[in-house]
Amino acid sequence: MFLSWIIICFVVIDIILLFQKLLFNTFVLLLNLKNKNIFDKKQNMIITRLHVIIFSTILFVLLNTKEVFEEKIVFYKPVFVKKVALTFDDGPHPYFTENIVKIISDYNIKATFFLVGTQVKKFPQLVKLLAESDCCKIGNHTYSHKNLTKLTESEIFNELKTTQEILSSISGEKNVIPYFRPPGGHYNNKVLNIADKLGLKIVLWSVFTNDHNERITEKELINRIMSSLSSDKEIILLHSGSKTTLECLPKIIEILKEKNYEFVTVDEILKDETYIVN
């Protein structure tokens with residue numbers, strides 16, 4: 001880099017001095033001077049001085065501009081974005097769903113709610129609340145929360161289709177995503193084939209909290225979550241009707257934030273082809 005600039009300096013100087021020499025020769029011809037040798041000597045002296053002055057000036061400027069000589073090599077540490085999707089099943093529930101939405105809104109994070117059709121019909125105002133929130137997405141958790149593997153094809157079809165239609169109707173299709181979670185995580189090829197015909201994709205989880213157990217304590221719930229984190233992309237299964245979950249949700253969020261997790265909706269994680277469904 002330094003050598004390149006030195007060469008550029010000399011080229012610039014030579015161009016300037018060539019132009020100056022042409023001016024001298026023109027001046028001599030115009031005056032038709034007899035003692036041309038005197039002018040040649042003076043010309044050479046001036047040229048030499050100009051060389052020194054111009055070169056010194058350029059070199060001074062370059063040396064005081066460190067960036068010209070320093071190739072700045074910046075080593076960027078790879079940034080690994082860790083993502084977590086909080087998911088709440090079995091709702092909507094009066095009081096619980098409303099307060100969960102308030103908490104995630106206060107923390108400005110995202111979450112996904114997998115709703116049961118019978119609950120949706122009872123509390124349509126809560127579906128509208130989720131639909132109007134910028135923090136929420138809504139998924140299908142069947143109509144009556146039955147084990148889908150125990151049902152006939154037509155029953156499976158109705159469980160999923162009816163719920164999807166009710167969700168879309170109440171929400172105006174706002175925030176409704178084409179994903180379903182089979183109750184208890186029970187599914188088989190028959191369930192998957194029917195869901196596929198309805199344009200629905202399955203969602204399971206990577207962290208099972210057992211928060212549907214009424215006797216679980218806050219400490220146990222948090223420990224289960226923290227001990228189960230094993231990836232940079234996690235889907236945490238929670239239940240919207242759990243008192244323990246609601247009470248310790250702020251602490252769960254704060255701990256996950258401390259571990260540098262970004263809170264996203266479940267569809268954002270599942271769009272990532274590197275995510276492996278457990």
# chains A, B, ... in the order shown; residues from 1 in each chain; ligands from 1
>>> closest_atom_pairs(of="stretch 87-139 of chain A", to="stretch 173-178 of chain A", cutoff="6 Å", atoms="only C-alpha atoms", output="CSV")
residue,atom,partner,partner_atom,distance
A:Ala131,CA,A:Asn175,CA,5.3
A:Lys137,CA,A:Asn175,CA,4.8
A:Ile138,CA,A:Val176,CA,4.7
A:Gly139,CA,A:Ile177,CA,5.7
>>> select_by_dssp(residues="stretch 75-269 of chain A", states="strand (DSSP E)", output="ChimeraX atom specification")
/A:82-91,111-115,136-140,176-180,201-202,207-208,233-239,261-263
>>> closest_residue(among="A:Phe88, A:Phe123, A:Tyr107, A:Tyr95", to="A:Val266", atoms="only C-alpha atoms")
A:Phe88
>>> residues_around(residues="A:Ile202", least_positions_apart="2", cutoff="12 Å", atoms="only C-alpha atoms", output="JSON, numbers by chain")
{"A": [114, 139, 140, 141, 142, 160, 177, 178, 179, 180, 181, 182, 183, 185, 186, 187, 188, 189, 191, 192, 193, 194, 195, 196, 198, 199, 200, 204, 205, 266, 267, 270, 277, 278]}
>>> write_last_selection(atoms="N, CA and C atoms", output="compact mmCIF listing (two decimals), in the first residue's frame")
# COMPACT_ATOMS: atom_id res chain seq x y z
N PHE A 114 -52.33 -22.11 21.10
CA PHE A 114 -53.03 -23.18 20.41
C PHE A 114 -54.38 -23.38 21.10
N GLY A 139 -52.94 -20.83 16.82
CA GLY A 139 -52.89 -22.13 16.17
C GLY A 139 -54.06 -23.00 16.57
N ASN A 140 -54.21 -24.13 15.89
CA ASN A 140 -55.32 -25.05 16.04
C ASN A 140 -54.95 -26.17 17.03
N HIS A 141 -55.80 -26.38 18.04
CA HIS A 141 -55.55 -27.45 19.02
C HIS A 141 -56.74 -28.42 19.07
N THR A 142 -57.38 -28.57 17.92
CA THR A 142 -58.56 -29.42 17.70
C THR A 142 -59.81 -28.82 18.36
N LEU A 160 -60.23 -30.86 13.13
CA LEU A 160 -59.30 -29.84 12.64
C LEU A 160 -60.00 -28.77 11.81
N ILE A 177 -52.40 -18.92 12.12
CA ILE A 177 -51.35 -19.58 11.33
C ILE A 177 -51.79 -21.00 10.96
N PRO A 178 -51.31 -21.55 9.85
CA PRO A 178 -51.75 -22.88 9.39
C PRO A 178 -51.00 -24.03 10.08
N TYR A 179 -51.04 -24.01 11.40
CA TYR A 179 -50.37 -25.05 12.19
C TYR A 179 -51.34 -25.60 13.23
N PHE A 180 -51.19 -26.89 13.53
CA PHE A 180 -52.01 -27.48 14.59
C PHE A 180 -51.11 -28.27 15.52
N ARG A 181 -51.56 -28.39 16.77
CA ARG A 181 -50.85 -29.22 17.74
C ARG A 181 -51.82 -30.29 18.21
N PRO A 182 -51.49 -31.55 17.98
CA PRO A 182 -52.37 -32.64 18.41
C PRO A 182 -52.36 -32.77 19.94
N PRO A 183 -53.52 -32.88 20.56
CA PRO A 183 -53.57 -33.03 22.02
C PRO A 183 -52.69 -34.18 22.50
N GLY A 185 -49.75 -34.60 21.99
CA GLY A 185 -48.70 -34.92 21.03
C GLY A 185 -48.94 -36.22 20.31
N HIS A 186 -50.20 -36.71 20.36
CA HIS A 186 -50.53 -37.99 19.73
C HIS A 186 -50.91 -37.78 18.26
N TYR A 187 -50.18 -38.46 17.38
CA TYR A 187 -50.50 -38.38 15.96
C TYR A 187 -49.95 -39.61 15.25
N ASN A 188 -50.43 -39.83 14.04
CA ASN A 188 -49.91 -40.91 13.19
C ASN A 188 -50.02 -40.45 11.73
N ASN A 189 -49.71 -41.31 10.83
CA ASN A 189 -49.73 -40.93 9.41
C ASN A 189 -51.14 -40.53 8.94
N VAL A 191 -53.38 -38.98 10.71
CA VAL A 191 -53.59 -37.60 11.18
C VAL A 191 -52.82 -36.63 10.27
N LEU A 192 -51.58 -36.96 9.95
CA LEU A 192 -50.75 -36.07 9.13
C LEU A 192 -51.33 -35.91 7.72
N ASN A 193 -51.83 -37.00 7.17
CA ASN A 193 -52.39 -36.94 5.80
C ASN A 193 -53.63 -36.05 5.75
N ILE A 194 -54.49 -36.18 6.75
CA ILE A 194 -55.71 -35.36 6.79
C ILE A 194 -55.35 -33.90 7.01
N ALA A 195 -54.42 -33.65 7.91
CA ALA A 195 -53.99 -32.28 8.17
C ALA A 195 -53.40 -31.65 6.91
N ASP A 196 -52.65 -32.46 6.19
CA ASP A 196 -52.04 -31.95 4.95
C ASP A 196 -53.11 -31.53 3.94
N LEU A 198 -55.90 -30.34 4.62
CA LEU A 198 -56.49 -29.10 5.12
C LEU A 198 -55.49 -27.94 5.10
N GLY A 199 -54.28 -28.23 4.66
CA GLY A 199 -53.25 -27.19 4.61
C GLY A 199 -52.64 -26.87 5.96
N LEU A 200 -52.70 -27.85 6.88
CA LEU A 200 -52.18 -27.64 8.22
C LEU A 200 -50.90 -28.44 8.45
N LEU A 204 -45.04 -29.68 17.44
CA LEU A 204 -44.89 -30.34 18.73
C LEU A 204 -44.14 -29.39 19.67
N TRP A 205 -43.10 -29.84 20.31
CA TRP A 205 -42.36 -28.99 21.25
C TRP A 205 -40.98 -29.59 21.48
N VAL A 266 -44.14 -19.49 16.87
CA VAL A 266 -43.71 -20.85 16.51
C VAL A 266 -43.49 -21.00 14.99
N ASP A 267 -44.27 -20.28 14.20
CA ASP A 267 -44.11 -20.39 12.75
C ASP A 267 -42.76 -19.84 12.28
N LEU A 270 -40.34 -22.76 12.82
CA LEU A 270 -40.59 -23.88 11.92
C LEU A 270 -40.25 -23.56 10.46
N VAL A 277 -37.65 -31.14 14.60
CA VAL A 277 -38.80 -31.39 15.48
C VAL A 277 -38.51 -32.57 16.36
N ASN A 278 -38.63 -32.37 17.67
CA ASN A 278 -38.39 -33.47 18.60
C ASN A 278 -39.63 -34.36 18.69
>>> closest_residue(among="A:Ala111, A:Ile225, A:Val127, A:Val207", to="A:Pro94", atoms="only C-alpha atoms")
A:Val127
>>> residues_around(residues="A:Lys251", least_positions_apart="6", cutoff="12 Å", atoms="only C-alpha atoms", output="list in words")
Ile103, Ile104, Tyr107, Glu218, Lys219, Leu221, Ile222, Asn223, Ile225, Met226, Thr244, Thr245, Lys257 and Glu258 of chain A
>>> write_last_selection(atoms="C-alpha atoms", output="PDB file, in the first residue's frame")
ATOM      1  CA  ILE A 103     -47.396  -9.900  30.379  1.00  0.00           C
ATOM      2  CA  ILE A 104     -45.995 -10.678  26.938  1.00  0.00           C
ATOM      3  CA  TYR A 107     -42.177  -7.423  27.859  1.00  0.00           C
ATOM      4  CA  GLU A 218     -42.768 -22.388  40.425  1.00  0.00           C
ATOM      5  CA  LYS A 219     -39.310 -23.706  41.236  1.00  0.00           C
ATOM      6  CA  LEU A 221     -41.476 -25.418  36.501  1.00  0.00           C
ATOM      7  CA  ILE A 222     -38.504 -23.112  36.031  1.00  0.00           C
ATOM      8  CA  ASN A 223     -36.036 -25.940  36.675  1.00  0.00           C
ATOM      9  CA  ILE A 225     -37.494 -25.405  31.487  1.00  0.00           C
ATOM     10  CA  MET A 226     -33.880 -24.486  32.225  1.00  0.00           C
ATOM     11  CA  THR A 244     -48.264 -21.612  38.324  1.00  0.00           C
ATOM     12  CA  THR A 245     -47.392 -20.710  34.738  1.00  0.00           C
ATOM     13  CA  LYS A 257     -33.669 -13.051  28.101  1.00  0.00           C
ATOM     14  CA  GLU A 258     -30.562 -13.413  30.283  1.00  0.00           C
TER      15      GLU A 258
END
>>> select_by_dssp(residues="stretch 54-234 of chain A", states="helix (DSSP H, G or I)", output="ChimeraX atom specification")
/A:54-63,66-69,96-106,117-122,124-132,148-150,153-171,183-185,189-197,218-228
>>> atom_distance(atom1="atom CA of A:Asp106", atom2="atom CA of A:Cys136")
12.8 Å
>>> decode(residues="stretch 129-231 of chain A", atoms="C-alpha atoms", output="PDB file, in the first residue's frame")
ATOM      1  CA  LEU A 129     -57.952 -10.122  21.818  1.00  0.00           C
ATOM      2  CA  LEU A 130     -55.284 -12.461  20.435  1.00  0.00           C
ATOM      3  CA  ALA A 131     -56.114 -11.491  16.866  1.00  0.00           C
ATOM      4  CA  GLU A 132     -55.656  -7.793  17.602  1.00  0.00           C
ATOM      5  CA  SER A 133     -52.370  -8.227  19.456  1.00  0.00           C
ATOM      6  CA  ASP A 134     -49.075  -7.655  17.645  1.00  0.00           C
ATOM      7  CA  CYS A 135     -47.449 -10.157  19.997  1.00  0.00           C
ATOM      8  CA  CYS A 136     -49.619 -13.210  19.331  1.00  0.00           C
ATOM      9  CA  LYS A 137     -50.230 -15.927  16.786  1.00  0.00           C
ATOM     10  CA  ILE A 138     -53.112 -18.409  16.928  1.00  0.00           C
ATOM     11  CA  GLY A 139     -52.888 -22.126  16.167  1.00  0.00           C
ATOM     12  CA  ASN A 140     -55.325 -25.055  16.044  1.00  0.00           C
ATOM     13  CA  HIS A 141     -55.548 -27.447  19.017  1.00  0.00           C
ATOM     14  CA  THR A 142     -58.562 -29.424  17.703  1.00  0.00           C
ATOM     15  CA  TYR A 143     -62.191 -28.893  18.532  1.00  0.00           C
ATOM     16  CA  SER A 144     -62.712 -31.107  21.580  1.00  0.00           C
ATOM     17  CA  HIS A 145     -59.144 -31.960  22.673  1.00  0.00           C
ATOM     18  CA  LYS A 146     -59.393 -35.673  21.910  1.00  0.00           C
ATOM     19  CA  ASN A 147     -56.602 -38.110  21.124  1.00  0.00           C
ATOM     20  CA  LEU A 148     -56.644 -37.929  17.318  1.00  0.00           C
ATOM     21  CA  THR A 149     -55.138 -41.382  16.875  1.00  0.00           C
ATOM     22  CA  LYS A 150     -58.253 -42.904  18.450  1.00  0.00           C
ATOM     23  CA  LEU A 151     -60.634 -41.249  15.961  1.00  0.00           C
ATOM     24  CA  THR A 152     -61.853 -42.131  12.504  1.00  0.00           C
ATOM     25  CA  GLU A 153     -60.719 -40.184   9.453  1.00  0.00           C
ATOM     26  CA  SER A 154     -63.938 -38.167   9.280  1.00  0.00           C
ATOM     27  CA  GLU A 155     -63.731 -37.362  13.003  1.00  0.00           C
ATOM     28  CA  ILE A 156     -60.118 -36.188  12.651  1.00  0.00           C
ATOM     29  CA  PHE A 157     -61.115 -34.102   9.643  1.00  0.00           C
ATOM     30  CA  ASN A 158     -63.965 -32.437  11.573  1.00  0.00           C
ATOM     31  CA  GLU A 159     -61.825 -31.812  14.677  1.00  0.00           C
ATOM     32  CA  LEU A 160     -59.299 -29.844  12.640  1.00  0.00           C
ATOM     33  CA  LYS A 161     -61.493 -28.248   9.972  1.00  0.00           C
ATOM     34  CA  THR A 162     -64.219 -27.013  12.327  1.00  0.00           C
ATOM     35  CA  THR A 163     -61.692 -25.400  14.654  1.00  0.00           C
ATOM     36  CA  GLN A 164     -59.835 -23.735  11.794  1.00  0.00           C
ATOM     37  CA  GLU A 165     -63.068 -22.316  10.392  1.00  0.00           C
ATOM     38  CA  ILE A 166     -64.184 -20.951  13.773  1.00  0.00           C
ATOM     39  CA  LEU A 167     -60.789 -19.349  14.395  1.00  0.00           C
ATOM     40  CA  SER A 168     -60.757 -17.713  10.966  1.00  0.00           C
ATOM     41  CA  SER A 169     -64.341 -16.500  11.323  1.00  0.00           C
ATOM     42  CA  ILE A 170     -63.868 -14.852  14.730  1.00  0.00           C
ATOM     43  CA  SER A 171     -60.421 -13.398  14.037  1.00  0.00           C
ATOM     44  CA  GLY A 172     -61.037 -12.408  10.437  1.00  0.00           C
ATOM     45  CA  GLU A 173     -58.056 -14.697   9.748  1.00  0.00           C
ATOM     46  CA  LYS A 174     -55.808 -12.197  11.494  1.00  0.00           C
ATOM     47  CA  ASN A 175     -52.858 -13.806  13.321  1.00  0.00           C
ATOM     48  CA  VAL A 176     -54.157 -17.317  12.526  1.00  0.00           C
ATOM     49  CA  ILE A 177     -51.351 -19.585  11.334  1.00  0.00           C
ATOM     50  CA  PRO A 178     -51.750 -22.884   9.392  1.00  0.00           C
ATOM     51  CA  TYR A 179     -50.375 -25.046  12.195  1.00  0.00           C
ATOM     52  CA  PHE A 180     -52.007 -27.482  14.587  1.00  0.00           C
ATOM     53  CA  ARG A 181     -50.847 -29.222  17.742  1.00  0.00           C
ATOM     54  CA  PRO A 182     -52.374 -32.644  18.409  1.00  0.00           C
ATOM     55  CA  PRO A 183     -53.566 -33.027  22.020  1.00  0.00           C
ATOM     56  CA  GLY A 184     -50.990 -34.911  24.068  1.00  0.00           C
ATOM     57  CA  GLY A 185     -48.699 -34.920  21.031  1.00  0.00           C
ATOM     58  CA  HIS A 186     -50.535 -37.987  19.727  1.00  0.00           C
ATOM     59  CA  TYR A 187     -50.503 -38.375  15.955  1.00  0.00           C
ATOM     60  CA  ASN A 188     -49.911 -40.908  13.192  1.00  0.00           C
ATOM     61  CA  ASN A 189     -49.734 -40.934   9.407  1.00  0.00           C
ATOM     62  CA  LYS A 190     -53.508 -40.823   9.133  1.00  0.00           C
ATOM     63  CA  VAL A 191     -53.586 -37.605  11.175  1.00  0.00           C
ATOM     64  CA  LEU A 192     -50.753 -36.073   9.131  1.00  0.00           C
ATOM     65  CA  ASN A 193     -52.391 -36.940   5.803  1.00  0.00           C
ATOM     66  CA  ILE A 194     -55.708 -35.361   6.789  1.00  0.00           C
ATOM     67  CA  ALA A 195     -53.986 -32.278   8.172  1.00  0.00           C
ATOM     68  CA  ASP A 196     -52.037 -31.947   4.953  1.00  0.00           C
ATOM     69  CA  LYS A 197     -55.279 -31.964   2.930  1.00  0.00           C
ATOM     70  CA  LEU A 198     -56.492 -29.097   5.117  1.00  0.00           C
ATOM     71  CA  GLY A 199     -53.246 -27.194   4.608  1.00  0.00           C
ATOM     72  CA  LEU A 200     -52.182 -27.635   8.223  1.00  0.00           C
ATOM     73  CA  LYS A 201     -48.699 -28.492   9.526  1.00  0.00           C
ATOM     74  CA  ILE A 202     -48.005 -30.207  12.812  1.00  0.00           C
ATOM     75  CA  VAL A 203     -46.292 -28.473  15.747  1.00  0.00           C
ATOM     76  CA  LEU A 204     -44.891 -30.340  18.731  1.00  0.00           C
ATOM     77  CA  TRP A 205     -42.360 -28.994  21.251  1.00  0.00           C
ATOM     78  CA  SER A 206     -38.778 -29.301  22.416  1.00  0.00           C
ATOM     79  CA  VAL A 207     -39.393 -28.402  26.077  1.00  0.00           C
ATOM     80  CA  PHE A 208     -42.140 -30.201  27.994  1.00  0.00           C
ATOM     81  CA  THR A 209     -42.898 -28.332  31.217  1.00  0.00           C
ATOM     82  CA  ASN A 210     -45.571 -30.498  32.830  1.00  0.00           C
ATOM     83  CA  ASP A 211     -47.285 -27.290  33.938  1.00  0.00           C
ATOM     84  CA  HIS A 212     -50.714 -28.863  33.439  1.00  0.00           C
ATOM     85  CA  ASN A 213     -50.007 -30.682  36.708  1.00  0.00           C
ATOM     86  CA  GLU A 214     -51.770 -28.531  39.313  1.00  0.00           C
ATOM     87  CA  ARG A 215     -49.262 -29.520  41.999  1.00  0.00           C
ATOM     88  CA  ILE A 216     -46.196 -28.267  40.144  1.00  0.00           C
ATOM     89  CA  THR A 217     -44.359 -25.459  41.955  1.00  0.00           C
ATOM     90  CA  GLU A 218     -42.768 -22.388  40.425  1.00  0.00           C
ATOM     91  CA  LYS A 219     -39.310 -23.706  41.236  1.00  0.00           C
ATOM     92  CA  GLU A 220     -40.048 -27.073  39.603  1.00  0.00           C
ATOM     93  CA  LEU A 221     -41.476 -25.418  36.501  1.00  0.00           C
ATOM     94  CA  ILE A 222     -38.504 -23.112  36.031  1.00  0.00           C
ATOM     95  CA  ASN A 223     -36.036 -25.940  36.675  1.00  0.00           C
ATOM     96  CA  ARG A 224     -37.762 -28.132  34.094  1.00  0.00           C
ATOM     97  CA  ILE A 225     -37.494 -25.405  31.487  1.00  0.00           C
ATOM     98  CA  MET A 226     -33.880 -24.486  32.225  1.00  0.00           C
ATOM     99  CA  SER A 227     -32.692 -28.096  32.349  1.00  0.00           C
ATOM    100  CA  SER A 228     -34.413 -28.862  29.037  1.00  0.00           C
ATOM    101  CA  LEU A 229     -32.813 -26.065  27.002  1.00  0.00           C
ATOM    102  CA  SER A 230     -30.412 -27.790  24.648  1.00  0.00           C
ATOM    103  CA  SER A 231     -30.604 -25.904  21.364  1.00  0.00           C
TER     104      SER A 231
END
